[in-house]
Amino acid sequence: MRILVALTYYRPHVSGLSIYAERLARGLVRRGHTVTVLTSRFHPSLPAREHLHGVEVIRVPVLTKVSKGVIMPLFPLYAATLVRRHDAVNIHMPQFESALLAVLGRSMRKPVVLTYQCDLRLPAGLFNRIVQRSLGPLNRIAARLADHIVTTTDDYAQHSQFLRRYADKVIAVAPLLDPGPPDPVTTQRLAGRGGFNGRPQIGFAARFAAEKGVEYLLQALPRVFEQVPKARVVFTGAWKDTVGEEDYLASLAPLLQQYAAHLTFLDLLRDDEMASFFSLCSVLAVTSLNATEAFGMVQGEAMLSGTPVVASDLPGVREAVRRTGMGEIVPARDPTALADALVRVLQRRADYVRPHAEITQAFDAEDSLRQYEALFAGRASRTGAA
């Protein structure tokens, strides 16, 4: 099949959404399909067209940015041309252009599959509220026209006000996790670079965005240090230049400065370095605050690398620990509960580790790709829901 995958940001932008879409595109290519990614040329230095790992990436010129989105006047022309050339359309939401893509796909009688990555919650402010409210009707048009809507877990679907309206179309497909085994050379290099010297290390792998709850991890540290004095936190991810999160980073500055002696920043690691990063951590903290986090793929990857997780008790986010037992679930926005759970895992880590085969079975990437293939071919049912 020829499959068109559309999303606002793709490589080199890094987020859970872009990583998910990239793994899906590369996995489908590996299984013999032709995949084109339609995305924004969000930085003028990016090529308008290139091939990445067998995937053709086409980037639409950007006129200006609006909050976390972009304005692309030529997008309708690009979209109409590419939808016509492909057999199926996969739209990753949230995305301003989702309704247009769904209209084009339906009018050209192409299967339209929405991948509903998460709810959209923009930073505070009158303009952002206007933008967010304007997206509601567009999202509903896309959902009504779609043949299927994919989400990561039934737990998230059942608690999403948006997805509940379209329950007959929703199919849960496990996220595509593919960290690979840790490379010994990479692990050794990261160990030296990140100060992994046998001390307890709390890992955090995410953008510094308001919905990630970094402040609650920092607020939990004094209580952690009371029980585990040598503990440190090591960050990796796009923590410096996250689109639309400049004010949030500034708000974290006092806490980051206060605990600077206990923090290590590794910037953004390559994909082939992440398994080594996870394997070096004693525990991974996932402190998400709201429905903008639907799962948190880093959890499953940490578990596949042998590292337990402490995750927020949110729909979808809690599913990795629920399925595997490899960690603890704590209330969101509660630094005391977070600290106590981190201490329990740090002090009794072996009690939380599960066999690698069990984790692999819980998150079968090839099965997820087969489910997507069935959706694009129009022969899917809800029996394969995760």
# chains A, B, ... in the order shown; residues from 1 in each chain; ligands from 1
call {"tool": "closest_atom_pairs", "arguments": {"of": "segment 62-169 of chain A", "to": "segment 13-33 of chain A", "cutoff": "9 Å", "atoms": "only C-alpha atoms", "output": "JSON lines"}}
result
{"residue": "A:His92", "atom": "CA", "partner": "A:Ala21", "partner_atom": "CA", "distance": 7.6}
{"residue": "A:Met93", "atom": "CA", "partner": "A:Leu17", "partner_atom": "CA", "distance": 8.7}
{"residue": "A:Gln117", "atom": "CA", "partner": "A:Leu17", "partner_atom": "CA", "distance": 6.5}
{"residue": "A:Cys118", "atom": "CA", "partner": "A:Leu17", "partner_atom": "CA", "distance": 8.8}
call {"tool": "write_last_selection", "arguments": {"atoms": "C-alpha atoms", "output": "compact mmCIF listing (two decimals), in the first residue's frame"}}
result
# COMPACT_ATOMS: atom_id res chain seq x y z
CA HIS A 92 -1.89 12.36 13.66
CA MET A 93 -3.84 14.58 16.03
CA GLN A 117 -2.11 11.05 20.22
CA CYS A 118 -3.56 13.10 23.06
call {"tool": "residues_around", "arguments": {"residues": "segment 320-325 of chain A", "least_positions_apart": "5", "cutoff": "7 Å", "atoms": "only C-alpha atoms", "output": "NGL selection string"}}
result
:A and (299-300 or 352 or 359 or 362)
call {"tool": "write_last_selection", "arguments": {"atoms": "C-alpha atoms", "output": "PDB file, in the first residue's frame"}}
result
ATOM      1  CA  GLN A 299       7.964   4.026  30.301  1.00  0.00           C
ATOM      2  CA  GLY A 300       7.829   0.901  28.186  1.00  0.00           C
ATOM      3  CA  TYR A 352      10.066  -4.216  40.772  1.00  0.00           C
ATOM      4  CA  ILE A 359       7.629  -6.692  28.924  1.00  0.00           C
ATOM      5  CA  ALA A 362       3.021  -6.539  26.810  1.00  0.00           C
TER       6      ALA A 362
END
call {"tool": "closest_residue", "arguments": {"among": "A:Gln227, A:Glu301, A:Glu373, A:Asp271", "to": "Arg344 of chain A", "atoms": "only C-alpha atoms"}}
result
A:Gln227
call {"tool": "closest_residue", "arguments": {"among": "A:Leu77, A:Leu100, A:Ala206, A:Leu177", "to": "Met303 of chain A", "atoms": "only C-alpha atoms"}}
result
A:Leu177
call {"tool": "residues_around", "arguments": {"residues": "Pro175 of chain A", "least_positions_apart": "5", "cutoff": "9 Å", "atoms": "only C-alpha atoms", "output": "VMD selection string"}}
result
chain A and resid 20 151 to 153 295 297 300 363 to 365 368
call {"tool": "residues_around", "arguments": {"residues": "segment 246-254 of chain A", "least_positions_apart": "2", "cutoff": "7 Å", "atoms": "only C-alpha atoms", "output": "list in words"}}
result
Phe208, Ala209, Ala210, Glu215, Gly244, Leu256, Gln257 and Gln258 of chain A
call {"tool": "select_by_dssp", "arguments": {"residues": "segment 71-250 of chain A", "states": "helix (DSSP H, G or I)", "output": "PyMOL selection string"}}
result
chain A and resi 75-85+98-107+126-145+154-159+161-164+184-193+210-212+214-227+246-250
call {"tool": "residues_around", "arguments": {"residues": "Gln219 of chain A", "least_positions_apart": "3", "cutoff": "12 Å", "atoms": "only C-alpha atoms", "output": "PyMOL selection string"}}
result
chain A and resi 213-216+222-225+252+254-256+258-259+287+333-339
